[in-house]
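What's in coords18.txt: compact mmCIF, C-alpha atoms
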```txt
# COMPACT_ATOMS: atom_id res chain seq x y z
CA MET A 1 0.00 0.00 0.00
CA LYS A 2 2.81 2.43 0.89
CA ILE A 3 4.66 1.49 -2.29
CA SER A 4 1.60 2.30 -4.43
CA ARG A 5 1.22 5.71 -2.78
CA TYR A 6 4.92 6.39 -3.35
CA ILE A 7 4.65 5.50 -7.02
CA PHE A 8 1.55 7.70 -7.36
CA TYR A 9 3.44 10.62 -5.78
CA ILE A 10 6.33 10.22 -8.23
CA LEU A 11 3.99 10.07 -11.23
CA ALA A 12 2.01 13.12 -10.05
CA THR A 13 5.20 15.11 -9.48
CA ALA A 14 6.54 14.16 -12.91
CA CYS A 15 3.24 15.16 -14.53
CA PHE A 16 3.29 18.55 -12.77
CA CYS A 17 6.89 19.20 -13.88
CA LEU A 18 5.99 18.30 -17.46
CA ILE A 19 3.09 20.76 -17.51
CA VAL A 20 5.07 23.57 -15.89
CA GLY A 21 8.04 22.90 -18.16
CA SER A 22 5.91 23.17 -21.30
CA GLN A 23 4.44 26.48 -20.14
CA PHE A 24 7.70 28.11 -19.14
CA GLY A 25 10.06 26.96 -21.87
CA ASN A 26 11.34 23.88 -20.03
CA PHE A 27 12.96 26.09 -17.41
CA ALA A 28 15.11 27.90 -20.01
CA SER A 29 17.39 30.32 -18.24
CA ALA A 30 17.82 33.99 -19.11
CA LYS A 31 20.64 34.84 -21.51
CA THR A 32 23.22 37.59 -21.12
CA VAL A 33 24.52 39.22 -24.29
CA THR A 34 27.59 41.46 -24.30
CA VAL A 35 27.32 44.12 -27.01
CA HIS A 36 30.56 45.67 -28.28
CA TYR A 37 30.61 49.07 -30.01
CA VAL A 38 33.20 49.39 -32.75
CA SER A 39 33.78 51.35 -35.94
CA THR A 40 33.68 49.71 -39.35
CA THR A 41 37.48 49.68 -39.18
CA GLY A 42 37.49 47.83 -35.85
CA LYS A 43 38.19 50.76 -33.52
CA VAL A 44 36.60 50.39 -30.07
CA LEU A 45 34.25 53.35 -29.60
CA LYS A 46 32.56 52.65 -26.28
CA SER A 47 32.73 50.25 -23.35
CA PRO A 48 30.77 47.00 -23.88
CA LYS A 49 27.25 46.78 -22.51
CA LYS A 50 25.64 43.66 -21.06
CA ILE A 51 21.99 43.07 -21.90
CA THR A 52 19.88 40.35 -20.26
CA LEU A 53 17.36 38.61 -22.51
CA PRO A 54 14.36 37.19 -20.58
CA ALA A 55 14.04 33.41 -20.53
CA GLY A 56 12.02 32.15 -23.48
CA GLY A 57 9.97 35.33 -23.66
CA LEU A 58 11.78 37.06 -26.51
CA THR A 59 11.34 36.26 -30.17
CA ILE A 60 13.45 39.01 -31.79
CA PHE A 61 16.46 40.92 -30.47
CA ASN A 62 17.85 43.85 -32.45
CA PRO A 63 21.10 44.95 -30.77
CA ALA A 64 21.12 48.33 -32.54
CA GLU A 65 17.55 49.18 -31.44
CA ALA A 66 18.12 47.82 -27.96
CA THR A 67 21.14 50.09 -27.52
CA HIS A 68 19.87 53.29 -29.14
CA SER A 69 20.95 55.14 -26.04
CA GLN A 70 24.45 54.27 -27.18
CA TYR A 71 24.59 56.83 -29.99
CA ILE A 72 28.19 57.85 -30.45
CA LYS A 73 29.35 61.37 -31.37
CA GLY A 74 30.73 61.53 -34.90
CA TYR A 75 29.28 58.16 -35.92
CA VAL A 76 26.06 56.66 -37.32
CA PRO A 77 25.03 53.04 -36.60
CA TYR A 78 26.26 50.96 -39.55
CA ASP A 79 24.47 47.83 -38.33
CA GLY A 80 20.84 48.83 -38.13
CA THR A 81 18.45 45.97 -38.84
CA LYS A 82 20.23 42.78 -37.82
CA THR A 83 18.01 40.66 -35.59
CA PHE A 84 18.49 37.50 -33.53
CA SER A 85 16.07 35.09 -31.90
CA PHE A 86 16.52 34.09 -28.28
CA ASN A 87 17.96 30.73 -29.31
CA ASN A 88 20.41 31.90 -31.99
CA CYS A 89 21.63 35.09 -30.32
CA PRO A 90 25.33 34.73 -29.43
CA SER A 91 26.63 35.64 -26.00
CA SER A 92 28.88 38.32 -27.55
CA LEU A 93 28.32 40.43 -30.65
CA LYS A 94 29.41 43.67 -32.29
CA VAL A 95 27.41 46.70 -33.36
CA ARG A 96 29.44 48.63 -35.93
CA TYR A 97 29.36 52.36 -36.54
CA SER A 98 30.32 54.35 -39.63
CA LYS A 99 31.95 57.77 -39.42
CA ILE A 100 29.44 60.52 -40.16
CA SER A 101 31.96 62.13 -42.51
CA THR A 102 32.19 58.86 -44.45
CA VAL A 103 28.40 58.54 -44.69
CA GLN A 104 28.07 62.13 -45.89
CA LYS A 105 30.74 61.78 -48.58
CA LYS A 106 29.50 58.45 -49.92
CA VAL A 107 25.84 59.46 -49.98
CA ALA A 108 26.72 62.77 -51.67
CA LYS A 109 28.77 60.99 -54.33
CA TYR A 110 25.93 58.60 -55.18
CA TYR A 111 23.38 61.42 -55.07
CA MET A 112 25.15 63.57 -57.66
CA SER A 113 25.76 60.51 -59.83
CA GLN A 114 22.03 59.74 -59.76
CA ILE A 115 21.01 63.32 -60.55
CA ASN A 116 23.48 63.51 -63.44
CA SER A 117 22.38 60.14 -64.76
CA TYR A 118 18.80 61.38 -64.84
CA ARG A 119 19.84 64.60 -66.54
CA VAL A 120 21.68 62.67 -69.28
CA LYS A 121 18.57 60.55 -69.89
CA GLN A 122 16.68 63.80 -70.44
CA GLY A 123 19.26 64.95 -72.99
CA LEU A 124 21.00 67.38 -70.64
CA SER A 125 24.66 67.75 -69.75
CA LYS A 126 26.11 66.59 -66.44
CA LEU A 127 26.58 69.14 -63.70
CA LYS A 128 30.22 69.76 -62.79
CA HIS A 129 31.89 69.96 -59.38
CA ASN A 130 32.98 73.35 -58.04
CA ALA A 131 35.08 73.60 -54.88
CA SER A 132 33.71 76.96 -53.69
CA LEU A 133 30.15 75.79 -54.33
CA GLN A 134 30.86 72.64 -52.32
CA LYS A 135 31.91 74.77 -49.35
CA GLN A 136 28.75 76.86 -49.65
CA ALA A 137 26.57 73.74 -49.79
CA THR A 138 28.25 72.40 -46.64
CA VAL A 139 27.55 75.66 -44.82
CA ARG A 140 23.93 75.57 -45.93
CA ALA A 141 23.41 71.92 -44.89
CA ASN A 142 24.64 72.76 -41.38
CA GLU A 143 22.55 75.94 -41.23
CA LEU A 144 19.39 73.94 -41.97
CA TRP A 145 19.57 72.47 -38.45
CA ILE A 146 19.07 75.98 -37.13
CA LYS A 147 16.48 77.11 -39.66
CA THR A 148 15.03 74.68 -42.22
CA SER A 149 14.33 77.30 -44.84
CA HIS A 150 15.80 78.99 -47.89
CA THR A 151 16.15 81.98 -45.55
CA ARG A 152 19.39 81.72 -43.60
CA PRO A 153 19.50 81.83 -39.77
CA ASP A 154 20.56 85.51 -39.90
CA GLY A 155 17.44 86.39 -41.88
CA THR A 156 19.13 86.83 -45.26
CA SER A 157 18.48 84.82 -48.40
CA TYR A 158 20.69 81.83 -49.19
CA ASN A 159 21.50 83.85 -52.31
CA SER A 160 22.05 87.10 -50.44
CA TYR A 161 25.23 87.93 -52.34
CA ASN A 162 23.47 87.57 -55.71
CA SER A 163 25.92 84.88 -56.78
CA GLY A 164 23.52 83.38 -59.31
CA TYR A 165 22.72 80.02 -57.74
CA ALA A 166 19.55 78.09 -56.88
CA GLU A 167 18.99 75.76 -53.92
CA VAL A 168 17.04 72.58 -53.16
CA MET A 169 16.83 70.79 -49.81
CA ALA A 170 15.87 67.43 -48.31
CA VAL A 171 15.34 66.39 -44.70
CA PHE A 172 16.06 63.00 -43.08
CA PRO A 173 13.47 61.83 -42.02
CA SER A 174 11.73 63.76 -44.75
CA CYS A 175 9.30 66.55 -43.99
CA PHE A 176 7.31 64.91 -46.79
CA SER A 177 7.05 61.65 -44.81
CA TYR A 178 3.30 61.55 -45.40
CA VAL A 179 4.20 60.55 -48.96
CA GLN A 180 5.67 57.19 -47.99
CA SER A 181 7.49 56.48 -51.25
CA LEU A 182 9.27 59.84 -51.31
CA GLY A 183 10.72 60.21 -47.84
CA ALA A 184 14.47 60.75 -47.58
CA LYS A 185 15.96 58.38 -45.03
CA ILE A 186 18.95 56.18 -44.24
CA VAL A 187 18.36 52.78 -45.82
CA TYR A 188 19.72 49.47 -44.54
CA ASN A 189 20.16 46.54 -46.94
CA SER A 190 19.18 42.88 -46.53
CA LYS A 191 22.39 42.24 -44.59
CA GLY A 192 21.37 44.86 -42.03
CA THR A 193 24.04 47.42 -42.93
CA ILE A 194 23.84 50.95 -44.38
CA ASP A 195 23.22 51.05 -48.12
CA TYR A 196 24.80 54.34 -49.18
CA LYS A 197 23.51 54.14 -52.75
CA LYS A 198 19.90 53.48 -51.74
CA THR A 199 20.11 56.16 -49.05
CA ALA A 200 21.15 58.66 -51.73
CA LYS A 201 18.33 57.38 -53.93
CA THR A 202 15.69 58.35 -51.36
CA ALA A 203 16.93 61.95 -51.57
CA SER A 204 17.39 62.14 -55.35
CA ASN A 205 14.00 60.49 -55.89
CA GLU A 206 12.38 63.00 -53.57
CA LEU A 207 13.86 66.03 -55.32
CA LEU A 208 12.96 64.66 -58.76
CA THR A 209 9.38 63.67 -57.94
CA ILE A 210 8.03 65.73 -55.03
CA ASP A 211 6.86 68.54 -57.30
CA ALA A 212 7.49 70.18 -60.67
CA GLN A 213 9.47 73.10 -59.24
CA HIS A 214 12.13 70.91 -57.63
CA ARG A 215 12.35 68.64 -60.67
CA ASP A 216 12.69 71.65 -63.00
CA THR A 217 15.49 72.99 -60.82
CA GLU A 218 17.35 69.68 -61.08
CA LEU A 219 16.82 69.69 -64.86
CA ASN A 220 17.66 73.35 -65.44
CA THR A 221 19.61 74.31 -68.57
CA TRP A 222 21.34 77.41 -67.21
CA SER A 223 23.75 75.98 -64.60
CA LYS A 224 27.08 74.33 -65.30
CA TYR A 225 27.98 73.53 -61.71
CA SER A 226 26.21 71.86 -58.81
CA ASP A 227 27.30 70.40 -55.49
CA VAL A 228 25.46 68.75 -52.63
CA ALA A 229 26.25 68.40 -48.93
CA PHE A 230 24.67 66.19 -46.28
CA SER A 231 24.78 66.83 -42.56
CA PHE A 232 23.89 63.81 -40.41
CA LYS A 233 23.56 63.37 -36.66
CA PRO A 234 24.35 60.20 -34.66
CA ASP A 235 20.70 59.14 -34.62
CA GLY A 236 20.55 59.07 -38.42
CA SER A 237 18.56 62.26 -38.89
CA GLY A 238 19.99 64.63 -41.43
CA MET A 239 19.85 67.70 -43.65
CA MET A 240 20.78 68.07 -47.30
CA ALA A 241 21.46 71.18 -49.38
CA GLN A 242 22.23 71.25 -53.10
CA LEU A 243 23.34 74.42 -54.86
CA PHE A 244 23.53 75.29 -58.55
CA LYS A 245 25.79 77.87 -60.14
CA LEU A 246 26.06 79.58 -63.54
```

Could I get this file's structure written as structure tokens?
Amino acid sequence: MKISRYIFYILATACFCLIVGSQFGNFASAKTVTVHYVSTTGKVLKSPKKITLPAGGLTIFNPAEATHSQYIKGYVPYDGTKTFSFNNCPSSLKVRYSKISTVQKKVAKYYMSQINSYRVKQGLSKLKHNASLQKQATVRANELWIKTSHTRPDGTSYNSYNSGYAEVMAVFPSCFSYVQSLGAKIVYNSKGTIDYKKTAKTASNELLTIDAQHRDTELNTWSKYSDVAFSFKPDGSGMMAQLFKL
């Protein structure tokens, strides 16, 4: 009789453990992930941060999103959309950052290439680079953080010296975000890293399609020179100014 009760107790306990185990992920323990912050060239930018993933309760972990408080001055997250499940997330991983200056130069290069390619398709000549115009565009892109307008922060026109140039602008995220297909933004590719070419495309597409006035400015027949400058912040927001000169 005692033996039967003992066997019953063991079976009941085993049954209870089986039910509880199935409900709580078979007692899976929490996982600690150490995130390292480095540049695309391998330079350590910030001390590692340990993040605890709850046991069995997490389906997707995006290290870049989870560490957005870790924005680093002078850099933009290069790894933006990589995700891991609880089971396949390693105990140590890297989040890479790209220098803002690198992002700005690469996006600008692709942008002008795209604008010129479109101009050629329309039977127009390519716009040429001009060093002084490049400096002016850089100044304007930075000024747009203070006042997003063709009127400069000091109240004068962007063309206050009557130098014979026109100006177009784009904002990241775009102020035209209500038109989903036209918004200028940083784009990440299928590998989860910045796609400089596609990022530039969001801006060139916006300026060529948002309205007739901007498109006509891009396709003008009077300018020989044009330069663009981008000004990004660590969170990926940005300003763009493109100038045209006779």

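Restricting the calculation to only C-alpha atoms, the smallest distance between Lys197 in chain A and any of A:Leu219, A:Glu143, A:Gln136, A:Ala108 is found for A:Ala108.
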
Quiz item: Which of these, A:Ser85, A:Ser92, A:Asn220, A:Gln134, has the shortest distance to Pro48 in chain A once you count all atoms listed in the file?
Solution: A:Ser92

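With only C-alpha atoms as the atoms that count, the residue of A:Ile194, A:Ala184, A:Ala170, A:Cys89 with the shortest distance to Val76 in chain A is A:Ile194.
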
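Taking CA of Gln242 in chain A and CA of Pro153 in chain A as endpoints, the distance between them is 17.2 Å.
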
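Closest approach to Asp227 in chain A among A:Asn130, A:Asn205, A:Ser157, A:Thr151 is made by A:Asn130 (distances from all atoms listed in the file).
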
Exercise. Compile the contact shell of Leu208 in chain A as a ChimeraX atom specification: residues with an atom at most 9 Å away, counting all atoms listed in the file, same-chain residues fewer than 5 positions apart removed.
Key: /A:115,203,214-219

Quiz item: What's the 8 Å shell around Ala166 in chain A, counting all atoms listed in the file, without same-chain residues fewer than 6 positions away, as number ranges by chain?
Solution: A: 159, 217, 243-245

Quiz item: Of the candidates A:Ser47, A:Gly192, A:Pro77, A:Glu206, which shows the shortest atom-to-atom distance to Val103 in chain A, using all atoms listed in the file?
Solution: A:Pro77

Box dimensions and centre (Å, one decimal) enclosing range 71-77 of chain A, axis-aligned, 5 Å extra per side, as AutoDock Vina command-line options:
```
--center_x 27.7 --center_y 57.3 --center_z -33.7 --size_x 16.1 --size_y 18.5 --size_z 17.3
```

Quiz prompt | Nearest candidate to Lys224 in chain A (options A:Leu133, A:Val168, A:Ile146, A:Val139; using only C-alpha atoms) | solution = A:Leu133

Residues within 8 Å of Lys126 in chain A, all atoms listed in the file, excluding chain neighbours under 3 positions, as a compact mmCIF listing (two decimals) with C-alpha atoms, keeping the file's coordinate frame:
```
# COMPACT_ATOMS: atom_id res chain seq x y z
CA ASN A 116 23.48 63.51 -63.44
CA SER A 117 22.38 60.14 -64.76
CA ARG A 119 19.84 64.60 -66.54
CA VAL A 120 21.68 62.67 -69.28
CA LYS A 224 27.08 74.33 -65.30
```

Quiz item: When you draw a straight line from CA of Leu127 in chain A to CA of Ser223 in chain A, how long is it in Å?
Solution: 7.5 Å

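Rounded to one decimal, CA of Phe84 in chain A and CA of Asn62 in chain A lie 6.5 Å from each other.
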
Exercise. Do a neighbour search on Tyr78 in chain A at 8 Å with only C-alpha atoms, toss out local chain neighbours closer than 3 positions, and write the hits as number ranges by chain.
Key: A: 40, 95-98, 193-194

Keeping only C-alpha atoms, write the selected residues as a CSV table (one decimal), keeping the file's coordinate frame.
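After the write, part_25.csv holds the following:
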```
chain,number,residue,atom,x,y,z
A,40,THR,CA,33.7,49.7,-39.4
A,95,VAL,CA,27.4,46.7,-33.4
A,96,ARG,CA,29.4,48.6,-35.9
A,97,TYR,CA,29.4,52.4,-36.5
A,98,SER,CA,30.3,54.4,-39.6
A,193,THR,CA,24.0,47.4,-42.9
A,194,ILE,CA,23.8,51.0,-44.4
```
